[in-house]
$ cat upload-v2.csv   # CSV, C-alpha atoms
chain,number,residue,atom,x,y,z
A,538,MET,CA,0.0,0.0,0.0
A,539,MET,CA,1.5,3.4,-1.0
A,540,ASP,CA,1.4,6.2,1.5
A,541,CYS,CA,0.2,9.8,0.7
A,542,GLU,CA,3.7,11.1,0.1
A,543,ALA,CA,4.5,8.4,-2.4
A,544,ILE,CA,1.2,9.0,-4.1
A,545,LYS,CA,1.9,12.8,-4.4
A,546,ARG,CA,5.3,12.1,-5.9
A,547,SER,CA,3.9,9.9,-8.6
A,548,LEU,CA,0.6,11.7,-9.2
A,549,GLY,CA,2.0,13.9,-12.0
A,550,THR,CA,3.6,10.9,-13.7
A,551,TRP,CA,0.4,9.0,-13.4
A,552,LEU,CA,-1.6,11.8,-14.9
A,553,ASP,CA,0.9,11.8,-17.8
A,554,GLY,CA,0.2,8.2,-18.3
A,555,ALA,CA,3.8,7.3,-17.8
A,556,LEU,CA,3.4,4.9,-14.9
A,557,GLY,CA,3.4,1.1,-15.1
A,558,PRO,CA,0.0,-0.7,-14.7
A,559,LEU,CA,0.7,-1.9,-11.2
A,560,GLU,CA,1.6,1.5,-9.8
A,561,ALA,CA,-1.2,3.1,-11.7
A,562,GLU,CA,-3.7,0.7,-10.2
A,563,ALA,CA,-2.4,1.3,-6.7
A,564,ILE,CA,-2.8,5.1,-7.2
A,565,GLU,CA,-6.4,4.7,-8.5
A,566,ARG,CA,-7.3,2.6,-5.4
A,567,HIS,CA,-5.7,5.1,-3.1
A,568,LEU,CA,-7.5,8.0,-4.7
A,569,GLU,CA,-10.8,6.3,-4.1
A,570,VAL,CA,-10.3,6.4,-0.3
A,571,CYS,CA,-8.1,9.4,0.3
A,572,PRO,CA,-9.7,12.9,-0.1
A,573,LEU,CA,-6.4,14.7,0.5
A,574,CYS,CA,-4.7,13.0,-2.4
A,575,LEU,CA,-7.8,13.5,-4.5
A,576,GLY,CA,-7.6,17.2,-3.7
A,577,GLU,CA,-3.9,17.1,-4.8
A,578,ARG,CA,-4.9,15.5,-8.1
A,579,THR,CA,-7.6,18.2,-8.7
A,580,ARG,CA,-5.0,20.9,-8.0
A,581,LEU,CA,-2.5,19.3,-10.4
A,582,GLU,CA,-5.1,18.9,-13.1
A,583,ARG,CA,-6.1,22.6,-12.7
A,584,LEU,CA,-2.5,23.7,-12.9
A,585,GLU,CA,-2.0,21.7,-16.1
A,586,ALA,CA,-5.2,23.1,-17.6
A,587,SER,CA,-4.3,26.7,-16.6
A,588,LEU,CA,-0.8,26.3,-18.0
A,589,LYS,CA,-2.0,25.1,-21.4
A,590,SER,CA,-4.8,27.7,-21.6
A,591,VAL,CA,-2.5,30.6,-20.6
A,592,LEU,CA,0.2,29.6,-23.2
A,593,GLU,CA,-2.5,29.1,-25.9
A,594,GLU,CA,-4.0,32.4,-25.2
A,595,ARG,CA,-0.7,34.2,-25.2
A,596,ALA,CA,0.2,32.7,-28.6
A,597,SER,CA,-3.2,33.1,-30.1
A,598,GLY,CA,-2.7,36.6,-31.7
A,599,ILE,CA,0.1,35.5,-34.0
A,600,ALA,CA,-1.1,35.4,-37.6
A,601,PHE,CA,0.7,33.2,-40.1
A,602,GLU,CA,1.4,35.8,-42.8
A,603,PRO,CA,3.6,38.1,-40.8
A,604,PHE,CA,5.3,35.1,-39.2
A,605,TRP,CA,6.1,33.5,-42.5
A,606,GLY,CA,7.2,36.9,-43.9
A,607,GLY,CA,9.9,37.1,-41.2
A,608,VAL,CA,11.1,33.5,-42.0
A,609,ARG,CA,11.1,34.2,-45.7
A,610,GLN,CA,13.0,37.4,-45.3
A,611,ARG,CA,15.7,35.5,-43.4
A,612,ILE,CA,15.9,32.8,-46.1
A,613,GLU,CA,16.0,35.3,-48.9
A,614,GLU,CA,18.7,37.4,-47.3
A,615,LYS,CA,20.8,34.3,-46.9
A,616,ARG,CA,20.0,33.1,-50.4
A,617,SER,CA,20.8,36.5,-52.0
A,618,ARG,CA,24.4,36.1,-50.9
A,619,HIS,CA,24.3,32.5,-52.1
A,620,VAL,CA,22.8,33.5,-55.4
A,621,ARG,CA,25.4,36.2,-56.1
A,622,LEU,CA,28.2,33.7,-55.6
A,623,SER,CA,26.5,31.0,-57.6
A,624,ASP,CA,25.7,33.4,-60.4
A,625,TRP,CA,29.3,34.2,-60.7
A,626,ALA,CA,30.5,30.7,-60.4
A,627,THR,CA,27.9,28.7,-62.3
A,628,PRO,CA,29.0,29.6,-65.9
A,629,VAL,CA,32.6,28.7,-65.0
A,630,PHE,CA,31.9,25.5,-63.0
A,631,SER,CA,29.0,24.0,-64.9
A,632,PRO,CA,29.5,20.3,-65.4
A,633,GLN,CA,29.4,20.6,-69.2
A,634,ARG,CA,32.2,23.2,-69.1
A,635,LEU,CA,34.2,21.2,-66.5
A,636,ALA,CA,34.0,18.2,-68.8
A,637,TRP,CA,36.0,20.2,-71.4
A,638,ALA,CA,38.1,22.2,-69.0
A,639,ILE,CA,39.7,19.3,-67.2
A,640,PRO,CA,41.3,17.6,-70.3
A,641,LEU,CA,42.3,21.1,-71.6
A,642,ILE,CA,44.0,21.9,-68.3
A,643,ILE,CA,45.8,18.6,-68.4
A,644,VAL,CA,47.0,19.1,-72.0
A,645,PHE,CA,48.1,22.7,-71.1
A,646,LEU,CA,50.1,21.5,-68.1
A,647,ILE,CA,51.8,18.7,-70.1
A,648,GLY,CA,52.7,21.3,-72.8
A,649,LEU,CA,54.1,23.6,-70.2
A,650,PHE,CA,56.3,21.0,-68.7
A,651,SER,CA,57.4,19.8,-72.1
A,652,LEU,CA,58.6,23.3,-72.9
A,653,GLU,CA,60.9,23.1,-69.9
A,654,GLY,CA,62.8,20.4,-71.9
A,655,PHE,CA,63.4,22.8,-74.8
A,656,PHE,CA,63.9,26.0,-72.7
A,657,PRO,CA,65.6,24.9,-69.5
A,658,GLY,CA,64.9,27.2,-66.6
A,659,TRP,CA,62.3,29.4,-68.4
A,660,PHE,CA,59.5,28.3,-66.1
A,661,GLY,CA,61.3,29.5,-63.0
A,662,GLY,CA,62.4,26.1,-62.0
A,663,GLN,CA,65.9,24.7,-61.5
A,664,SER,CA,67.7,24.6,-64.8
A,665,ARG,CA,70.1,22.0,-65.8
A,666,SER,CA,72.8,24.6,-66.1
A,667,ASN,CA,72.5,25.2,-62.4
A,668,LEU,CA,74.3,22.0,-61.5
A,669,THR,CA,77.0,23.2,-59.3
A,670,ALA,CA,79.2,20.1,-59.2
A,671,VAL,CA,79.5,17.0,-61.4
A,672,GLU,CA,82.0,14.4,-60.2
A,673,SER,CA,83.0,11.2,-61.9
A,674,ILE,CA,84.5,8.4,-59.9
A,675,ASP,CA,85.9,5.3,-61.5
A,676,ALA,CA,85.0,2.3,-59.5
A,677,HIS,CA,85.7,-1.3,-60.7
A,678,GLY,CA,85.1,-0.4,-64.3
A,679,LEU,CA,82.0,1.7,-63.7
A,680,ASN,CA,81.8,5.4,-63.7
A,681,VAL,CA,79.6,7.0,-61.0
A,682,ALA,CA,78.4,10.5,-61.6
A,683,LEU,CA,77.1,12.7,-58.8
A,684,PHE,CA,74.9,15.6,-59.7
A,685,ARG,CA,74.5,18.1,-56.9
A,686,GLN,CA,71.8,20.7,-57.3
A,687,SER,CA,72.5,23.8,-55.4
A,688,LYS,CA,69.0,24.7,-54.0
A,689,THR,CA,67.2,21.4,-53.7
A,690,LYS,CA,70.3,19.5,-52.5
A,691,THR,CA,69.2,16.6,-54.6
A,692,LEU,CA,71.7,13.9,-55.4
A,693,VAL,CA,71.4,11.9,-58.6
A,694,ILE,CA,73.6,8.9,-59.0
A,695,TRP,CA,74.1,7.7,-62.5
A,696,LEU,CA,76.0,4.5,-63.2
A,697,PHE,CA,77.3,3.8,-66.8
A,698,GLN,CA,79.6,1.3,-68.4
A,699,HIS,CA,83.2,2.3,-69.0
A,700,GLN,CA,83.9,1.9,-72.8
A,701,GLU,CA,87.3,1.2,-74.0
A,702,GLY,CA,86.9,2.9,-77.4
A,703,GLU,CA,86.0,6.1,-75.7
A,704,ASP,CA,89.2,5.9,-73.7
A,705,GLU,CA,91.3,5.6,-76.9
A,706,SER,CA,89.6,8.4,-78.8
A,707,SER,CA,89.3,10.8,-75.9
A,708,GLY,CA,92.0,9.8,-73.6
A,709,GLU,CA,92.9,13.4,-72.7
A,710,SER,CA,89.4,14.6,-72.2
A,711,GLY,CA,88.6,11.7,-70.0
A,712,GLN,CA,91.1,12.8,-67.4
A,713,GLY,CA,89.0,14.2,-64.5
A,714,GLN,CA,86.0,14.9,-66.8
A,715,PRO,CA,82.8,13.0,-66.8
A,716,SER,CA,81.8,11.4,-70.1
A,717,PHE,CA,78.1,11.0,-70.8
B,528,MET,CA,10.1,26.9,-50.7
B,529,ALA,CA,6.3,26.1,-51.0
B,530,ALA,CA,6.8,22.8,-49.2
B,531,PHE,CA,8.7,24.5,-46.4
B,532,GLN,CA,5.9,27.2,-46.2
B,533,GLU,CA,3.5,24.4,-45.5
B,534,LEU,CA,5.7,23.0,-42.7
B,535,VAL,CA,5.9,26.5,-41.2
B,536,ALA,CA,2.1,26.9,-41.4
B,537,ARG,CA,1.6,23.5,-39.6
B,538,TYR,CA,4.0,24.1,-36.8
B,539,TYR,CA,4.5,27.8,-36.3
B,540,HIS,CA,1.9,28.2,-33.6
B,541,LYS,CA,3.1,25.4,-31.4
B,542,VAL,CA,6.8,26.4,-31.9
B,543,PHE,CA,5.9,30.0,-30.9
B,544,MET,CA,4.0,28.7,-27.8
B,545,VAL,CA,7.0,26.7,-26.7
B,546,VAL,CA,9.4,29.6,-27.2
B,547,LEU,CA,7.1,32.0,-25.5
B,548,GLY,CA,6.7,29.7,-22.6
B,549,ILE,CA,10.5,29.5,-22.2
B,550,PHE,CA,11.4,33.1,-23.1
B,551,ASN,CA,8.3,34.9,-21.8
B,552,HIS,CA,8.6,37.9,-24.1
B,553,ARG,CA,6.3,38.2,-27.0
B,554,GLU,CA,8.4,40.1,-29.6
B,555,ASP,CA,11.6,38.2,-28.7
B,556,ALA,CA,9.7,34.9,-28.9
B,557,MET,CA,8.5,35.8,-32.3
B,558,GLU,CA,12.0,36.5,-33.5
B,559,LEU,CA,13.4,33.3,-31.9
B,560,ALA,CA,10.6,31.2,-33.4
B,561,GLN,CA,11.3,32.6,-36.9
B,562,GLU,CA,15.0,32.1,-36.4
B,563,ALA,CA,14.3,28.5,-35.4
B,564,PHE,CA,12.4,27.9,-38.7
B,565,PHE,CA,15.2,29.6,-40.7
B,566,ARG,CA,17.8,27.3,-39.1
B,567,ALA,CA,15.6,24.3,-39.7
B,568,TYR,CA,15.4,25.4,-43.4
B,569,ARG,CA,19.2,25.7,-43.6
B,570,LYS,CA,19.8,22.4,-41.9
B,571,ILE,CA,16.9,20.4,-43.5
B,572,LYS,CA,19.4,18.2,-45.4
B,573,SER,CA,20.9,17.1,-42.1
B,574,PHE,CA,17.6,15.9,-40.8
B,575,LYS,CA,17.9,12.1,-41.2
B,576,GLY,CA,14.4,11.1,-40.1
B,577,GLY,CA,15.7,9.3,-37.1
B,578,SER,CA,13.2,11.2,-35.0
B,579,ALA,CA,9.9,12.9,-35.9
B,580,PHE,CA,10.2,16.2,-37.7
B,581,TYR,CA,8.5,18.2,-35.0
B,582,THR,CA,10.9,16.7,-32.4
B,583,TRP,CA,13.8,17.9,-34.4
B,584,LEU,CA,12.2,21.3,-34.9
B,585,TYR,CA,11.4,21.7,-31.2
B,586,ARG,CA,14.9,20.8,-30.4
B,587,ILE,CA,16.2,23.6,-32.6
B,588,ALA,CA,13.7,26.1,-31.1
B,589,VAL,CA,14.3,25.0,-27.5
B,590,ASN,CA,18.1,25.1,-27.7
B,591,LEU,CA,17.9,28.5,-29.4
B,592,SER,CA,15.6,29.8,-26.6
B,593,ILE,CA,17.6,28.4,-23.8
B,594,ASP,CA,20.9,29.8,-25.3
B,595,PHE,CA,19.4,33.2,-25.8
B,596,LYS,CA,17.8,33.2,-22.3
B,597,ARG,CA,21.1,32.4,-20.7
B,598,ARG,CA,22.8,35.1,-22.6
B,599,GLN,CA,20.3,37.8,-22.0
B,600,ARG,CA,18.8,38.3,-18.6
B,601,ARG,CA,15.6,40.3,-18.9
B,602,ASN,CA,14.6,43.2,-16.7
B,603,PRO,CA,11.7,42.1,-14.5
B,604,MET,CA,9.9,45.3,-15.2
B,605,GLU,CA,10.0,44.6,-18.9
B,606,LEU,CA,8.6,41.1,-18.2
B,607,ARG,CA,5.8,42.6,-16.2
B,608,GLU,CA,4.9,45.1,-18.9
B,609,ALA,CA,4.9,42.3,-21.5
B,610,MET,CA,2.6,40.2,-19.3
B,611,ASP,CA,0.3,43.1,-18.8
B,612,GLY,CA,0.0,43.5,-22.5
B,613,VAL,CA,-0.9,39.9,-22.9
B,614,MET,CA,-3.5,40.1,-20.1
B,615,GLU,CA,-5.1,43.0,-21.9
B,616,GLU,CA,-5.1,41.1,-25.1
B,617,ARG,CA,-6.7,38.1,-23.4
B,618,GLY,CA,-9.4,40.4,-22.1
B,619,GLU,CA,-10.1,41.8,-25.5
B,620,LEU,CA,-10.3,38.4,-27.1
B,621,GLY,CA,-12.7,37.2,-24.4
B,622,LYS,CA,-11.5,33.6,-24.7
B,623,ASP,CA,-10.0,33.3,-21.2
B,624,PRO,CA,-11.6,30.3,-19.4
B,625,TYR,CA,-10.7,32.0,-16.2
B,626,SER,CA,-12.3,35.3,-17.3
B,627,ASP,CA,-13.0,36.4,-13.7
B,628,VAL,CA,-10.5,38.5,-11.8
B,629,GLN,CA,-9.1,35.5,-10.0
B,630,GLY,CA,-8.6,33.7,-13.3
B,631,ARG,CA,-6.6,36.6,-14.7
B,632,GLU,CA,-4.5,36.8,-11.6
B,633,LEU,CA,-3.9,33.1,-11.8
B,634,GLY,CA,-2.6,33.5,-15.4
B,635,ARG,CA,-0.4,36.4,-14.4
B,636,ARG,CA,1.0,34.5,-11.4
B,637,LEU,CA,1.5,31.4,-13.4
B,638,MET,CA,3.7,33.1,-16.0
B,639,ALA,CA,5.7,34.8,-13.3
B,640,ALA,CA,6.1,31.4,-11.5
B,641,ILE,CA,7.3,29.8,-14.8
B,642,ASN,CA,9.7,32.6,-15.3
B,643,ASP,CA,11.3,31.8,-12.0
B,644,LEU,CA,12.1,28.3,-13.1
B,645,THR,CA,15.4,27.4,-14.7
B,646,PRO,CA,15.4,27.2,-18.6
B,647,GLY,CA,15.7,23.4,-18.4
B,648,HIS,CA,12.6,23.1,-16.1
B,649,LYS,CA,10.7,25.6,-18.1
B,650,ALA,CA,11.4,23.7,-21.3
B,651,VAL,CA,10.1,20.4,-19.8
B,652,ILE,CA,6.9,21.8,-18.4
B,653,VAL,CA,6.1,23.8,-21.5
B,654,LEU,CA,6.8,21.0,-23.9
B,655,ARG,CA,4.5,18.7,-21.8
B,656,ALA,CA,1.8,21.4,-21.6
B,657,VAL,CA,1.8,22.6,-25.1
B,658,GLU,CA,2.1,19.4,-27.1
B,659,GLY,CA,1.5,16.7,-24.5
B,660,LEU,CA,4.8,15.1,-25.7
B,661,SER,CA,5.9,11.8,-24.1
B,662,TYR,CA,8.8,11.8,-21.7
B,663,LYS,CA,10.8,10.0,-24.4
B,664,GLU,CA,10.1,12.7,-26.9
B,665,ILE,CA,10.9,15.5,-24.5
B,666,GLY,CA,14.2,13.6,-23.6
B,667,GLN,CA,15.1,13.5,-27.3
B,668,ILE,CA,14.4,17.2,-27.7
B,669,LEU,CA,16.4,18.2,-24.6
B,670,GLY,CA,19.1,15.5,-25.0
B,671,CYS,CA,18.4,14.0,-21.6
B,672,SER,CA,17.0,10.7,-20.2
B,673,GLU,CA,13.4,10.0,-19.5
B,674,GLY,CA,14.2,9.8,-15.8
B,675,THR,CA,15.6,13.3,-15.9
B,676,VAL,CA,12.5,14.5,-17.7
B,677,MET,CA,10.3,12.9,-15.0
B,678,SER,CA,12.2,14.5,-12.1
B,679,ARG,CA,12.3,17.9,-13.7
B,680,LEU,CA,8.6,17.8,-14.3
B,681,HIS,CA,7.9,16.8,-10.7
B,682,TYR,CA,10.1,19.6,-9.4
B,683,ALA,CA,8.6,22.2,-11.8
B,684,ARG,CA,5.1,21.2,-10.9
B,685,LYS,CA,5.8,21.3,-7.2
B,686,LYS,CA,7.3,24.8,-7.5
B,687,LEU,CA,4.4,26.1,-9.5
B,688,GLN,CA,1.9,24.5,-7.1
B,689,GLU,CA,3.7,26.2,-4.1
B,690,LYS,CA,3.5,29.6,-5.7
B,691,LEU,CA,-0.1,29.3,-7.0
B,692,ALA,CA,-1.5,27.5,-4.0
B,693,PRO,CA,-4.2,30.2,-3.2
B,694,PHE,CA,-5.5,30.0,-6.8
B,695,LEU,CA,-5.6,26.3,-7.2
B,696,GLY,CA,-7.9,25.6,-4.3
$ encode --input "upload-v2.csv" --output "structure tokens"
Amino acid sequence: MMDCEAIKRSLGTWLDGALGPLEAEAIERHLEVCPLCLGERTRLERLEASLKSVLEERASGIAFEPFWGGVRQRIEEKRSRHVRLSDWATPVFSPQRLAWAIPLIIVFLIGLFSLEGFFPGWFGGQSRSNLTAVESIDAHGLNVALFRQSKTKTLVIWLFQHQEGEDESSGESGQGQPSF
Amino acid sequence: MAAFQELVARYYHKVFMVVLGIFNHREDAMELAQEAFFRAYRKIKSFKGGSAFYTWLYRIAVNLSIDFKRRQRRNPMELREAMDGVMEERGELGKDPYSDVQGRELGRRLMAAINDLTPGHKAVIVLRAVEGLSYKEIGQILGCSEGTVMSRLHYARKKLQEKLAPFLG
């Protein structure tokens, strides 16, 4: 048997229909015999009804049109910034144009880097003439060339076969010079 | 845009009631409710349908109201003036179920009592009163458990009953 304090604690939950069947039944039985808790129930119901009616009354004067006008204005203000940006960007970034633009850009870049082969250094990159040191070391019949690039500090090691004919024809130039 | 307009038409009144219950200032509540719909419009693609649309919408509105309420503490005199205006309006409309003097006083005291609750307690009691939402739905909106909703509701009702005892009989 639940006492009055326990009933009062659960009364609101019971009115909300959120109690289990056993507890709900216990409350109903108690309310039949307890005028104090019945009075509490009446007060709680009156509070809920007052709350709802007061909130409804306070919100009743709001017409839809002005409300929607405020929402639409917010949306359009946001959209206008959006639209300006998309108006500017759409002709450039439309899928049809992108379909042409991407291969064109690739071809252009390939062409650009190919020109570097004909005009070393024109593209602002490291030119071949910027090699600061080329060394040739004879090791067990193989020549090892070290290319040192001044800015990037890249080392390229190139191994090539020592040719006898070359020694005979350019014996003097082979002294201390790389042959490649 | 037309589809969204229909959604606004369906829910604006309830959303406005909830925001008004939490914020307790008519003009600001209007602004906040409109802002809530605007944010819903902007984020509509992020609504996955895991919950009901109105639950998601109320969540935006309630969070917005609570954030705004915490940032801006209203002058009690301003609140009183706003409530007086509402009471006058209720008199003009003639729809007040408690149309006698005691009923008007109950409405006035009730709003003042709600205003003294914390934003979290206000949100729970207003959501329950306005929409009759289940504890689970209120928990989803506020991001808390059903047990928390239950205890907040109990506390809020107790406080309101204490303050309104002479009017509730």
$ closest_atom_pairs --input "upload-v2.csv" --of "chain B" --to "chain A" --cutoff "6 Å" --atoms "all atoms listed in the file" --output "JSON lines"
{"residue": "B:Met544", "atom": "CA", "partner": "A:Ala596", "partner_atom": "CA", "distance": 5.6}
{"residue": "B:Gln561", "atom": "CA", "partner": "A:Val608", "partner_atom": "CA", "distance": 5.2}
{"residue": "B:Phe565", "atom": "CA", "partner": "A:Val608", "partner_atom": "CA", "distance": 5.8}
{"residue": "B:Gly634", "atom": "CA", "partner": "A:Val591", "partner_atom": "CA", "distance": 6.0}
{"residue": "B:Ala656", "atom": "CA", "partner": "A:Lys589", "partner_atom": "CA", "distance": 5.3}
{"residue": "B:Val657", "atom": "CA", "partner": "A:Lys589", "partner_atom": "CA", "distance": 5.9}
{"residue": "B:Leu695", "atom": "CA", "partner": "A:Arg580", "partner_atom": "CA", "distance": 5.5}
$ atom_distance --input "upload-v2.csv" --atom1 "atom CA of B:Gly666" --atom2 "atom CA of B:Ala692"
28.7 Å
$ closest_residue --input "upload-v2.csv" --among "B:Lys690, B:Lys541, B:Arg553, B:Arg655" --to "B:Arg636" --atoms "all atoms listed in the file"
B:Lys690
$ residues_near_point --input "upload-v2.csv" --point "(18.8, 28.3, -26.2)" --cutoff "12 Å" --atoms "all atoms listed in the file" --output "JSON, numbers by chain"
{"B": [545, 546, 549, 550, 556, 559, 560, 562, 563, 585, 586, 587, 588, 589, 590, 591, 592, 593, 594, 595, 596, 597, 598, 599, 646, 647, 649, 650, 669]}
$ closest_residue --input "upload-v2.csv" --among "A:Ala636, A:Glu614, A:Gly648, A:Ile544" --to "A:Ala561" --atoms "all atoms listed in the file"
A:Ile544
$ atom_distance --input "upload-v2.csv" --atom1 "atom CA of A:Ile564" --atom2 "atom CA of A:Leu552"
10.3 Å
$ atom_distance --input "upload-v2.csv" --atom1 "atom CA of B:Pro693" --atom2 "atom CA of B:Leu633"
9.1 Å
$ residues_near_point --input "upload-v2.csv" --point "(9.5, 14.2, -13.8)" --cutoff "10 Å" --atoms "all atoms listed in the file" --output "compact mmCIF listing (two decimals) with C-alpha atoms, keeping the file's coordinate frame"
# COMPACT_ATOMS: atom_id res chain seq x y z
CA ARG A 546 5.30 12.10 -5.90
CA SER A 547 3.90 9.90 -8.60
CA GLY A 549 2.00 13.90 -12.00
CA THR A 550 3.60 10.90 -13.70
CA ASP A 553 0.90 11.80 -17.80
CA ALA A 555 3.80 7.30 -17.80
CA HIS B 648 12.60 23.10 -16.10
CA VAL B 651 10.10 20.40 -19.80
CA ILE B 652 6.90 21.80 -18.40
CA TYR B 662 8.80 11.80 -21.70
CA GLU B 673 13.40 10.00 -19.50
CA GLY B 674 14.20 9.80 -15.80
CA THR B 675 15.60 13.30 -15.90
CA VAL B 676 12.50 14.50 -17.70
CA MET B 677 10.30 12.90 -15.00
CA SER B 678 12.20 14.50 -12.10
CA ARG B 679 12.30 17.90 -13.70
CA LEU B 680 8.60 17.80 -14.30
CA HIS B 681 7.90 16.80 -10.70
CA TYR B 682 10.10 19.60 -9.40
CA ALA B 683 8.60 22.20 -11.80
CA ARG B 684 5.10 21.20 -10.90
$ closest_residue --input "upload-v2.csv" --among "B:Met557, B:Cys671, B:Leu691, B:Leu660" --to "B:Tyr539" --atoms "only C-alpha atoms"
B:Met557
